[in-house]
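**Q** The structure file entry12.csv (CSV, C-alpha atoms) is provided below.
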chain,number,residue,atom,x,y,z
A,231,MET,CA,249.9,-2.6,77.2
A,232,GLY,CA,250.7,0.8,78.6
A,233,ALA,CA,249.9,1.8,82.1
A,234,GLU,CA,246.4,3.2,82.5
A,235,GLN,CA,246.3,6.9,82.9
A,236,GLN,CA,245.3,7.9,86.5
A,237,PRO,CA,242.7,10.6,86.9
A,238,SER,CA,244.2,13.9,88.1
A,239,SER,CA,243.4,15.2,91.5
A,240,LEU,CA,241.1,18.2,92.0
A,241,LEU,CA,243.8,20.1,93.8
A,242,PRO,CA,247.4,18.9,93.6
A,243,GLY,CA,248.7,17.8,96.9
A,244,LEU,CA,245.3,17.4,98.6
A,245,PRO,CA,243.1,14.4,98.9
A,246,ASP,CA,240.0,14.8,96.7
A,247,ASP,CA,237.6,14.9,99.7
A,248,ILE,CA,239.4,17.8,101.2
A,249,ALA,CA,239.8,19.5,97.8
A,250,LEU,CA,236.0,19.0,97.2
A,251,ASP,CA,235.3,20.6,100.5
A,252,CYS,CA,237.4,23.6,99.5
A,253,LEU,CA,235.6,24.0,96.2
A,254,LEU,CA,232.2,23.7,97.9
A,255,ARG,CA,232.9,26.8,99.9
A,256,VAL,CA,233.8,29.1,97.0
A,257,PRO,CA,231.1,31.7,96.7
A,258,TYR,CA,228.6,31.2,93.8
A,259,SER,CA,229.6,34.5,92.2
A,260,SER,CA,233.0,32.9,91.4
A,261,HIS,CA,231.7,29.7,89.9
A,262,SER,CA,231.8,31.0,86.3
A,263,GLY,CA,235.5,31.6,86.7
A,264,LEU,CA,236.1,28.2,88.3
A,265,ARG,CA,234.4,26.4,85.4
A,266,CYS,CA,237.1,27.9,83.1
A,267,VAL,CA,240.1,26.5,85.0
A,268,CYS,CA,240.0,23.0,83.6
A,269,ARG,CA,237.7,20.4,82.2
A,270,GLN,CA,237.6,18.4,85.5
A,271,TRP,CA,236.4,21.5,87.4
A,272,ARG,CA,234.0,22.4,84.7
A,273,ASP,CA,232.4,18.9,84.8
A,274,LEU,CA,232.3,19.0,88.6
A,275,LEU,CA,230.8,22.5,88.9
A,276,THR,CA,228.1,21.8,86.3
A,277,SER,CA,226.9,18.6,88.0
A,278,PRO,CA,223.9,18.2,90.2
A,279,PHE,CA,226.1,16.3,92.6
A,280,PHE,CA,228.2,19.4,93.3
A,281,TYR,CA,225.2,21.6,94.2
A,282,GLN,CA,223.6,18.8,96.3
A,283,GLN,CA,226.8,18.6,98.2
A,284,ARG,CA,226.8,22.4,98.8
A,285,ARG,CA,223.3,22.0,100.2
A,286,ASN,CA,224.3,19.1,102.4
A,287,SER,CA,227.4,20.8,103.7
A,288,GLY,CA,225.6,24.1,104.5
A,289,ALA,CA,227.6,26.0,101.9
A,290,ALA,CA,224.7,26.6,99.6
A,291,GLU,CA,223.6,30.3,99.0
A,292,SER,CA,220.1,31.7,98.8
A,293,LEU,CA,219.6,33.5,95.6
A,294,VAL,CA,216.5,35.7,94.7
A,295,CYS,CA,216.0,36.4,91.0
A,296,LEU,CA,213.9,39.5,90.1
A,297,ILE,CA,212.4,40.8,86.9
A,298,GLN,CA,213.2,44.4,87.5
A,299,ALA,CA,213.2,47.7,85.6
A,300,LEU,CA,216.8,48.8,84.9
A,301,VAL,CA,218.2,51.9,86.5
A,302,ALA,CA,221.5,53.5,85.5
A,303,GLU,CA,224.1,52.9,88.2
A,304,GLU,CA,226.1,55.7,89.8
A,305,GLU,CA,229.9,55.7,89.7
A,306,GLY,CA,231.3,53.4,92.4
A,307,ASP,CA,227.9,52.0,93.2
A,308,GLY,CA,229.4,48.8,94.4
A,309,ALA,CA,227.2,46.5,92.2
A,310,GLY,CA,228.5,44.3,89.5
A,311,GLU,CA,227.5,42.0,86.6
A,312,HIS,CA,227.4,38.3,87.3
A,313,ALA,CA,228.4,36.4,84.1
A,314,VAL,CA,226.1,33.4,84.3
A,315,GLY,CA,227.3,32.4,80.8
A,316,GLY,CA,231.0,32.8,81.8
A,317,PRO,CA,233.5,35.5,81.2
A,318,GLY,CA,233.2,37.6,78.1
A,319,ASP,CA,229.4,37.6,78.0
A,320,GLY,CA,229.4,41.3,77.5
A,321,GLY,CA,226.1,41.8,79.5
A,322,GLY,CA,227.3,44.7,81.6
A,323,ALA,CA,227.7,47.1,78.7
A,324,VAL,CA,224.3,46.1,77.3
A,325,ASP,CA,222.6,46.6,80.7
A,326,LYS,CA,224.1,50.0,81.2
A,327,ALA,CA,223.1,51.2,77.7
A,328,GLN,CA,219.6,49.9,78.2
A,329,ALA,CA,219.3,51.5,81.6
A,330,LYS,CA,220.4,54.8,80.1
A,331,ASN,CA,217.8,54.6,77.4
A,332,SER,CA,215.1,53.9,80.1
A,333,ARG,CA,216.3,56.9,82.1
A,334,CYS,CA,216.1,59.2,79.1
A,335,GLY,CA,212.5,58.4,78.5
A,336,ALA,CA,212.8,55.7,75.8
A,337,GLY,CA,210.4,53.5,77.9
A,338,PRO,CA,211.0,51.0,80.7
A,339,VAL,CA,213.6,48.3,80.0
A,340,TYR,CA,213.6,45.2,82.2
A,341,GLY,CA,216.5,43.0,83.2
A,342,LEU,CA,217.2,40.0,85.5
A,343,SER,CA,218.6,41.0,88.9
A,344,LEU,CA,220.2,38.5,91.3
A,345,TYR,CA,220.2,39.2,95.1
A,346,ASN,CA,222.4,36.8,97.1
A,347,ALA,CA,220.6,36.8,100.4
A,348,THR,CA,223.4,34.8,102.1
A,349,LEU,CA,226.2,37.2,101.3
A,350,ARG,CA,223.9,40.3,100.9
A,351,GLU,CA,225.2,41.0,97.4
A,352,TRP,CA,223.5,42.3,94.2
A,353,ARG,CA,224.4,41.2,90.7
A,354,ARG,CA,222.9,41.7,87.2
A,355,LEU,CA,222.6,38.6,85.0
A,356,PRO,CA,223.9,39.6,81.5
A,357,SER,CA,221.2,40.1,78.9
A,358,LYS,CA,223.3,39.8,75.7
A,359,GLY,CA,221.3,38.0,73.1
A,360,TYR,CA,217.8,38.4,74.6
A,361,ALA,CA,215.6,41.1,76.0
A,362,VAL,CA,213.5,40.5,79.1
A,363,PRO,CA,209.8,41.3,78.2
A,364,LEU,CA,208.0,43.9,80.2
A,365,PHE,CA,206.0,42.3,83.1
A,366,ALA,CA,207.5,38.8,82.5
A,367,GLN,CA,207.0,36.2,85.1
A,368,CYS,CA,209.7,34.0,86.6
A,369,ALA,CA,209.6,30.7,88.5
A,370,ALA,CA,212.5,28.7,90.0
A,371,VAL,CA,212.6,24.9,89.9
A,372,GLN,CA,214.5,24.0,93.1
A,373,ALA,CA,215.7,20.5,92.3
A,374,SER,CA,217.5,21.5,89.1
A,375,GLY,CA,218.4,25.0,89.9
A,376,LYS,CA,216.7,26.4,86.8
A,377,LEU,CA,215.1,29.8,86.5
A,378,VAL,CA,212.3,30.1,83.9
A,379,LEU,CA,211.2,33.4,82.5
A,380,LEU,CA,207.8,33.4,80.7
A,381,GLY,CA,205.5,35.7,78.8
A,382,GLY,CA,205.0,39.4,79.4
A,383,TRP,CA,204.8,42.3,76.8
A,384,ASP,CA,207.0,43.0,73.8
A,385,PRO,CA,208.8,46.2,74.8
A,386,VAL,CA,208.1,47.9,71.4
A,387,THR,CA,204.6,46.8,70.5
A,388,PHE,CA,203.3,46.0,74.0
A,389,ASP,CA,201.7,42.8,72.6
A,390,SER,CA,201.6,39.8,74.9
A,391,VAL,CA,204.4,37.3,73.9
A,392,ARG,CA,204.9,33.6,74.1
A,393,ASP,CA,208.6,33.9,75.0
A,394,VAL,CA,210.3,31.4,77.3
A,395,TRP,CA,213.9,31.6,78.6
A,396,VAL,CA,215.6,29.0,80.8
A,397,VAL,CA,218.6,30.1,82.9
A,398,ASP,CA,220.4,27.2,84.4
A,399,LEU,CA,222.0,28.5,87.6
A,400,VAL,CA,224.0,25.3,88.0
A,401,THR,CA,225.7,25.1,84.7
A,402,GLY,CA,225.7,28.8,83.9
A,403,ARG,CA,224.0,28.3,80.6
A,404,ARG,CA,221.0,30.1,79.2
A,405,ARG,CA,218.7,29.0,76.4
A,406,ARG,CA,215.4,29.8,74.7
A,407,GLY,CA,212.7,27.4,75.7
A,408,ALA,CA,209.7,26.1,73.7
A,409,PRO,CA,207.3,29.1,73.5
A,410,MET,CA,204.1,29.1,75.5
A,411,PRO,CA,201.1,27.6,73.5
A,412,ALA,CA,199.3,30.9,73.9
A,413,ALA,CA,200.6,34.5,74.3
A,414,ARG,CA,199.6,35.8,77.7
A,415,SER,CA,200.5,38.4,80.3
A,416,PHE,CA,199.6,39.2,83.9
A,417,PHE,CA,199.0,35.5,84.5
A,418,ALA,CA,199.5,33.2,87.5
A,419,CYS,CA,202.7,31.4,87.5
A,420,ALA,CA,204.5,29.0,90.0
A,421,ALA,CA,206.7,26.0,90.1
A,422,VAL,CA,205.3,22.8,91.7
A,423,GLY,CA,207.9,20.0,91.7
A,424,PRO,CA,209.7,19.8,88.4
A,425,LEU,CA,207.1,21.7,86.4
A,426,VAL,CA,206.2,25.4,86.0
A,427,TYR,CA,202.5,26.1,85.8
A,428,VAL,CA,200.8,29.1,84.1
A,429,ALA,CA,197.1,30.0,84.1
A,430,GLY,CA,194.8,33.0,83.3
A,431,GLY,CA,196.1,36.4,82.4
A,432,HIS,CA,195.0,38.0,79.1
A,433,ASP,CA,195.7,37.7,75.4
A,434,ASN,CA,196.6,40.4,72.8
A,435,GLN,CA,192.9,41.5,72.6
A,436,LYS,CA,192.8,42.0,76.4
A,437,ASN,CA,190.5,39.0,76.8
A,438,ALA,CA,190.8,37.4,80.2
A,439,LEU,CA,191.8,33.7,79.9
A,440,ARG,CA,190.7,30.4,81.6
A,441,SER,CA,193.4,28.3,80.0
A,442,ALA,CA,196.3,26.7,81.8
A,443,GLU,CA,199.5,24.9,80.8
A,444,ALA,CA,202.5,23.3,82.5
A,445,TYR,CA,206.1,23.5,81.3
A,446,ASP,CA,208.8,20.9,81.8
A,447,PRO,CA,212.2,22.6,81.6
A,448,GLU,CA,214.1,19.3,81.3
A,449,ALA,CA,212.1,18.0,78.4
A,450,ASP,CA,211.4,21.5,77.0
A,451,GLU,CA,207.8,20.6,76.5
A,452,TRP,CA,204.4,22.1,77.3
A,453,ARG,CA,201.4,20.1,78.5
A,454,SER,CA,197.8,21.3,78.3
A,455,LEU,CA,195.8,21.4,81.4
A,456,PRO,CA,192.0,21.5,81.9
A,457,PRO,CA,190.7,25.1,81.9
A,458,MET,CA,189.8,26.8,85.1
A,459,ALA,CA,186.2,27.4,85.9
A,460,ASP,CA,186.5,31.2,85.5
A,461,GLU,CA,188.5,33.8,83.5
A,462,ARG,CA,191.2,35.3,85.7
A,463,ASP,CA,193.2,38.3,84.5
A,464,GLU,CA,195.8,39.8,86.9
A,465,CYS,CA,195.6,36.7,89.1
A,466,GLN,CA,198.4,35.5,91.4
A,467,GLY,CA,200.0,32.1,91.4
A,468,VAL,CA,201.6,30.3,94.3
A,469,ALA,CA,202.7,26.7,95.0
A,470,HIS,CA,201.1,25.4,98.2
A,471,GLY,CA,200.6,22.0,99.6
A,472,GLY,CA,201.9,20.3,96.4
A,473,CYS,CA,199.3,22.2,94.3
A,474,PHE,CA,199.1,25.2,92.0
A,475,TRP,CA,196.9,28.0,93.4
A,476,VAL,CA,195.5,30.7,91.2
A,477,ILE,CA,194.2,33.5,93.4
A,478,SER,CA,191.6,36.1,92.5
A,479,GLY,CA,191.7,37.9,89.1
A,480,TYR,CA,188.8,39.2,87.1
A,481,GLY,CA,186.9,38.3,83.9
A,482,THR,CA,186.8,40.2,80.6
A,483,ASP,CA,183.4,41.7,81.4
A,484,SER,CA,184.4,42.8,84.9
A,485,GLN,CA,187.5,44.8,84.3
A,486,GLY,CA,189.3,45.6,87.6
A,487,ARG,CA,186.6,44.0,89.8
A,488,PHE,CA,188.6,41.3,91.4
A,489,ASP,CA,186.9,38.0,92.2
A,490,ARG,CA,187.1,36.8,95.8
A,491,ALA,CA,187.6,33.1,94.9
A,492,ALA,CA,190.7,31.0,94.1
A,493,GLU,CA,191.2,27.9,92.1
A,494,CYS,CA,193.6,25.1,92.9
A,495,TYR,CA,195.1,22.5,90.5
A,496,ASP,CA,196.2,19.2,92.0
A,497,PRO,CA,198.8,17.5,89.8
A,498,SER,CA,198.1,14.2,91.4
A,499,THR,CA,194.5,14.1,90.2
A,500,GLY,CA,194.7,16.5,87.2
A,501,LEU,CA,191.6,18.4,88.5
A,502,TRP,CA,190.8,21.9,89.6
A,503,SER,CA,188.9,22.8,92.8
A,504,LYS,CA,187.5,26.1,93.8
A,505,GLU,CA,187.9,28.0,97.1
A,506,GLU,CA,185.0,30.4,97.3
A,507,GLY,CA,185.1,33.6,99.3
A,508,LEU,CA,188.8,33.5,99.9
A,509,TRP,CA,188.9,37.3,100.4
A,510,GLY,CA,185.8,37.7,102.5
A,511,GLU,CA,183.3,40.5,102.2
A,512,ASP,CA,183.9,44.2,101.5
A,513,ASP,CA,182.6,45.1,105.0
A,514,GLU,CA,184.8,42.5,106.8
A,515,PRO,CA,186.9,44.5,109.3
A,516,GLY,CA,190.5,44.5,108.3
A,517,GLY,CA,189.9,41.9,105.7
A,518,PRO,CA,192.5,41.8,102.9
A,519,ALA,CA,191.8,43.5,99.6
A,520,PRO,CA,192.0,41.4,96.4
A,521,PRO,CA,195.7,41.0,95.5
A,522,ARG,CA,197.8,42.3,92.6
A,523,SER,CA,201.3,41.4,93.5
A,524,SER,CA,201.4,40.5,97.2
A,525,CYS,CA,200.5,36.8,97.7
A,526,PHE,CA,203.1,34.3,98.7
A,527,VAL,CA,203.7,31.2,100.9
A,528,LEU,CA,205.7,32.1,103.9
A,529,PRO,CA,208.1,29.3,104.8
A,530,PRO,CA,208.1,28.0,108.4
A,531,PRO,CA,211.1,29.1,110.6
A,532,LEU,CA,214.1,26.9,110.0
A,533,ALA,CA,214.0,24.0,112.5
A,534,ALA,CA,217.0,22.5,114.1
A,535,ASP,CA,216.0,19.1,112.7
A,536,ARG,CA,216.0,19.8,109.0
A,537,ASP,CA,214.3,16.4,108.3
A,538,ARG,CA,211.1,17.7,109.8
A,539,ARG,CA,209.3,19.4,107.0
A,540,GLN,CA,206.5,21.8,107.8
A,541,GLU,CA,204.0,23.3,105.4
A,542,GLY,CA,204.3,27.0,104.7
A,543,LYS,CA,201.4,29.5,105.2
A,544,LEU,CA,199.5,31.2,102.5
A,545,CYS,CA,200.0,34.9,103.2
A,546,HIS,CA,199.0,38.3,101.8
A,547,LEU,CA,201.0,41.5,102.2
A,548,ASP,CA,199.3,44.9,102.0
A,549,CYS,CA,200.8,48.4,102.4
A,550,HIS,CA,197.7,50.6,102.2
A,551,GLY,CA,195.5,52.2,104.8
A,552,GLU,CA,193.9,50.1,107.5
A,553,ARG,CA,194.8,46.9,105.7
A,554,ARG,CA,198.6,47.4,106.2
A,555,GLY,CA,200.3,44.3,107.4
A,556,ILE,CA,200.8,40.5,106.7
A,557,ARG,CA,198.0,38.1,107.1
A,558,GLU,CA,197.9,34.3,107.1
A,559,TYR,CA,195.0,32.3,105.7
A,560,ASP,CA,193.4,29.6,108.0
A,561,PRO,CA,191.9,27.0,105.6
A,562,LYS,CA,189.9,25.4,108.5
A,563,GLU,CA,188.2,28.5,109.6
A,564,ARG,CA,188.3,30.1,106.1
A,565,LYS,CA,189.5,33.3,107.6
A,566,TRP,CA,192.5,35.6,107.5
A,567,LYS,CA,194.4,36.6,110.7
A,568,ALA,CA,196.9,39.4,111.1
A,569,VAL,CA,200.3,38.1,112.1
A,570,ASP,CA,202.7,41.1,111.6
A,571,GLY,CA,202.9,44.7,110.5
A,572,VAL,CA,205.1,46.1,107.8
A,573,PRO,CA,207.8,48.8,108.0
A,574,GLU,CA,206.2,52.3,108.2
A,575,CYS,CA,208.4,53.5,105.3
A,576,LEU,CA,207.2,50.7,103.0
A,577,LYS,CA,204.4,52.3,101.0
A,578,SER,CA,203.8,50.8,97.6
A,579,SER,CA,202.3,47.5,96.5
A,580,PRO,CA,205.3,45.3,97.0
A,581,CYS,CA,206.9,42.3,95.2
A,582,ALA,CA,207.4,39.6,97.8
A,583,ALA,CA,209.5,36.4,97.5
A,584,PRO,CA,210.2,33.8,100.2
A,585,VAL,CA,214.0,33.3,100.3
A,586,ALA,CA,214.8,29.6,99.6
A,587,GLY,CA,216.6,27.9,102.5
A,588,SER,CA,216.7,30.9,104.8
A,589,GLY,CA,213.4,31.2,106.5
A,590,GLU,CA,213.2,34.9,105.3
A,591,LEU,CA,211.0,37.0,103.1
A,592,LEU,CA,212.4,39.5,100.7
A,593,VAL,CA,210.2,42.4,99.8
A,594,MET,CA,210.9,45.0,97.0
A,595,GLY,CA,208.8,48.2,97.2
A,596,SER,CA,209.1,52.0,97.5
A,597,ASP,CA,209.3,54.3,100.5
A,598,GLU,CA,207.6,57.6,101.2
A,599,GLU,CA,209.9,59.3,98.7
A,600,GLN,CA,209.1,56.8,95.9
A,601,ARG,CA,212.5,55.3,96.1
A,602,HIS,CA,212.5,51.5,95.5
A,603,GLY,CA,214.5,49.3,97.7
A,604,ALA,CA,214.5,45.9,99.6
A,605,TRP,CA,213.5,44.8,103.0
A,606,VAL,CA,213.9,41.4,104.6
A,607,MET,CA,211.7,39.8,107.3
A,608,GLU,CA,212.8,36.8,109.4
A,609,ALA,CA,210.0,34.4,109.6
A,610,ALA,CA,210.9,33.2,113.1
A,611,THR,CA,211.2,36.6,114.8
A,612,ARG,CA,209.1,38.7,112.4
A,613,ARG,CA,211.9,41.2,112.5
A,614,TRP,CA,212.3,43.5,109.5
A,615,THR,CA,215.6,44.8,108.2
A,616,ARG,CA,216.2,47.3,105.4
A,617,VAL,CA,218.6,45.9,102.8
A,618,GLU,CA,221.3,48.2,101.4
A,619,THR,CA,220.3,48.5,97.7
A,620,PRO,CA,222.7,50.0,95.1
A,621,THR,CA,221.2,52.5,92.8
A,622,GLY,CA,221.3,50.1,89.8
A,623,PHE,CA,218.9,47.8,91.6
A,624,THR,CA,216.3,50.3,92.8
A,625,GLY,CA,214.0,49.8,89.8
A,626,PHE,CA,210.4,48.5,90.0
A,627,ALA,CA,210.4,44.7,90.6
A,628,PHE,CA,207.5,42.9,88.9
A,629,SER,CA,208.1,39.3,89.8
A,630,ALA,CA,210.6,37.3,91.8
A,631,ALA,CA,211.6,33.7,92.6
A,632,SER,CA,214.2,32.1,94.8
A,633,VAL,CA,216.5,29.1,94.6
A,634,LEU,CA,219.1,27.5,96.9
A,635,VAL,CA,222.4,27.0,95.0
Output the structure of this file as structure tokens.
**A**
Amino acid sequence: MGAEQQPSSLLPGLPDDIALDCLLRVPYSSHSGLRCVCRQWRDLLTSPFFYQQRRNSGAAESLVCLIQALVAEEEGDGAGEHAVGGPGDGGGAVDKAQAKNSRCGAGPVYGLSLYNATLREWRRLPSKGYAVPLFAQCAAVQASGKLVLLGGWDPVTFDSVRDVWVVDLVTGRRRRGAPMPAARSFFACAAVGPLVYVAGGHDNQKNALRSAEAYDPEADEWRSLPPMADERDECQGVAHGGCFWVISGYGTDSQGRFDRAAECYDPSTGLWSKEEGLWGEDDEPGGPAPPRSSCFVLPPPLAADRDRRQEGKLCHLDCHGERRGIREYDPKERKWKAVDGVPECLKSSPCAAPVAGSGELLVMGSDEEQRHGAWVMEAATRRWTRVETPTGFTGFAFSAASVLV
């Protein structure tokens, strides 16, 4: 019997534990190239083990994915395309052509942008083979490193679509997912544990919806949920306390008149509960206006002891008039309290996303000159910093989600 073939080392001349430590520290933007070096590296870099080790060693990077209108980049803008599918994807040329069409008045074209909050870098995920619907939602499943894009409008017909795309940020692969049971747009969406939940929005006849479903990216299956008590178009979705919250929205017969209640789905019981009066009364001094795109759960400041888990706070961000600022909701007193202001130059209704693993909040909005850009707020100090944003990433951002990779 011949001698058994010994497995090759990760890096010749180095013990595997040291070689692994070296590979863990390679920036995420280079992983698509590392996967092409050899089969052993490909298997390692597409394994959940590798990314769990990155988290454990402190080498993981905080990524924010944004559904964003494409803007043609200037020469030497400093931004680049991140080939999630590996080299040769060809997404860069497609993105530039789409951005040019959008700039020339052919209608808005959306793409998937990636902001690395750890390294302060911007990348565009290639869009070859699929088009991001207008006003699509996105949600990130932290445990698996998957980003799920759902629904929105067809860019040609403006009909609501059932499209689902799953981008695996661990393996670099992208696939079409099982379509949503019902076409919907402007709906609530959030990931709770391994599932992505959707509820409300409106259909192709502009009828507000009560229906809700949950998507399992691993099984590529949809599960029907009990309907909400009320129709909720243009509602907001957040994950909070292990539950799926659907905030505000309005019914078919009350176009634009936002309801002041929220509904909460508890996966452990399979039941909805209703939180009345979440937004207070019209004459409440400084009370927050019903939301469009500014509800989020602000993570607690990063503690020295990472094993102590704290629950984030349900927050609302407003950039208009007397209501400007960030407010937290106190569920015991059923009241909002002001906790911080916003930068004076931030004017528009913003898209806000807590940055996974960093204790920060990323906000995309426009300034007094209608130029879109990014700001970051540190949860611990409430200090705001304007982020350098290349021209190609200054388009309107509709939705965002963050994952630690």
**Q** A:Val585: which residues within 9 Å, counting only C-alpha atoms, same-chain residues fewer than 6 positions away excluded, as a list of chain:residue names?
**A**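 My list of contacting residues is A:Ser292, A:Leu293, A:Val294, A:Ala347, A:Pro529, A:Leu591, A:Leu592, A:Ala631, A:Ser632, A:Val633, A:Leu634.
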**Q** Identify which of the residues A:Glu493, A:Pro278, A:Ala630, A:Val527 lies closest to A:Ala366, counting only C-alpha atoms when measuring atom-to-atom distances.
**A**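 For A:Ala366, the nearest of the candidates is A:Ala630.
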**Q** Given all atoms listed in the file as the basis, pick out the residue of A:Val635, A:Leu377, A:Pro561, A:Met458 nearest to A:Arg403.
**A**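 Between A:Val635, A:Leu377, A:Pro561, A:Met458, the residue approaching A:Arg403 most closely is A:Leu377.
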**Q** Taking into account all atoms listed in the file, which residue in the set A:Pro363, A:Asp247, A:Phe526, A:Thr615 is nearest to A:Val386?
**A** A:Pro363
**Q** Dump as an MDAnalysis selection string all residues having an atom at most 12 Å from (226.3, 21.6, 95.7), computed in the file's coordinates with all atoms listed in the file.
**A** chainID A and resid 250:258 261 274:291 373:375 399:401 634:635
**Q** If you keep C-alpha atoms, can you produce a file of those selected residues as a tab-separated table (two decimals), in the coordinates of the input?
**A**
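Result written to result20.tsv:
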chain	number	residue	atom	x	y	z
A	250	LEU	CA	236.00	19.00	97.20
A	251	ASP	CA	235.30	20.60	100.50
A	252	CYS	CA	237.40	23.60	99.50
A	253	LEU	CA	235.60	24.00	96.20
A	254	LEU	CA	232.20	23.70	97.90
A	255	ARG	CA	232.90	26.80	99.90
A	256	VAL	CA	233.80	29.10	97.00
A	257	PRO	CA	231.10	31.70	96.70
A	258	TYR	CA	228.60	31.20	93.80
A	261	HIS	CA	231.70	29.70	89.90
A	274	LEU	CA	232.30	19.00	88.60
A	275	LEU	CA	230.80	22.50	88.90
A	276	THR	CA	228.10	21.80	86.30
A	277	SER	CA	226.90	18.60	88.00
A	278	PRO	CA	223.90	18.20	90.20
A	279	PHE	CA	226.10	16.30	92.60
A	280	PHE	CA	228.20	19.40	93.30
A	281	TYR	CA	225.20	21.60	94.20
A	282	GLN	CA	223.60	18.80	96.30
A	283	GLN	CA	226.80	18.60	98.20
A	284	ARG	CA	226.80	22.40	98.80
A	285	ARG	CA	223.30	22.00	100.20
A	286	ASN	CA	224.30	19.10	102.40
A	287	SER	CA	227.40	20.80	103.70
A	288	GLY	CA	225.60	24.10	104.50
A	289	ALA	CA	227.60	26.00	101.90
A	290	ALA	CA	224.70	26.60	99.60
A	291	GLU	CA	223.60	30.30	99.00
A	373	ALA	CA	215.70	20.50	92.30
A	374	SER	CA	217.50	21.50	89.10
A	375	GLY	CA	218.40	25.00	89.90
A	399	LEU	CA	222.00	28.50	87.60
A	400	VAL	CA	224.00	25.30	88.00
A	401	THR	CA	225.70	25.10	84.70
A	634	LEU	CA	219.10	27.50	96.90
A	635	VAL	CA	222.40	27.00	95.00
**Q** For atom CA of A:Arg265 and atom CA of A:Ala370, quote the distance in Å rounded to one decimal.
**A**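 Between atom CA of A:Arg265 and atom CA of A:Ala370 the gap is 22.5 Å.
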**Q** At what distance in Å, to one decimal, does atom CA of A:Asp433 lie from atom CA of A:Ser484?
**A** 15.6 Å
**Q** Regenerate stretch 372-385 of chain A at the level of N, CA and C atoms and dump it as a compact mmCIF listing (two decimals), in the frame of the given file.
**A**
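Dumped everything to part-v6.txt:
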# COMPACT_ATOMS: atom_id res chain seq x y z
N GLN A 372 213.46 24.20 92.08
CA GLN A 372 214.50 24.00 93.10
C GLN A 372 215.41 22.84 92.83
N ALA A 373 214.85 21.71 92.44
CA ALA A 373 215.70 20.50 92.30
C ALA A 373 216.75 20.63 91.26
N SER A 374 216.48 21.34 90.16
CA SER A 374 217.50 21.50 89.10
C SER A 374 218.20 22.77 89.06
N GLY A 375 217.79 23.72 89.91
CA GLY A 375 218.40 25.00 89.90
C GLY A 375 218.19 25.85 88.68
N LYS A 376 217.04 25.64 88.04
CA LYS A 376 216.70 26.40 86.80
C LYS A 376 215.72 27.49 87.11
N LEU A 377 215.96 28.61 86.47
CA LEU A 377 215.10 29.80 86.50
C LEU A 377 214.39 29.89 85.17
N VAL A 378 213.06 30.00 85.16
CA VAL A 378 212.30 30.10 83.90
C VAL A 378 211.60 31.42 83.84
N LEU A 379 211.83 32.14 82.74
CA LEU A 379 211.20 33.40 82.50
C LEU A 379 210.12 33.21 81.40
N LEU A 380 208.92 33.73 81.63
CA LEU A 380 207.80 33.40 80.70
C LEU A 380 206.94 34.67 80.47
N GLY A 381 206.49 34.78 79.21
CA GLY A 381 205.50 35.70 78.80
C GLY A 381 205.83 37.18 79.05
N GLY A 382 204.81 38.01 79.22
CA GLY A 382 205.00 39.40 79.40
C GLY A 382 204.63 40.19 78.10
N TRP A 383 205.11 41.43 77.99
CA TRP A 383 204.80 42.30 76.80
C TRP A 383 206.09 42.52 76.02
N ASP A 384 205.89 42.58 74.71
CA ASP A 384 207.00 43.00 73.80
C ASP A 384 207.26 44.49 74.17
N PRO A 385 208.53 44.87 74.41
CA PRO A 385 208.80 46.20 74.80
C PRO A 385 208.57 47.30 73.77
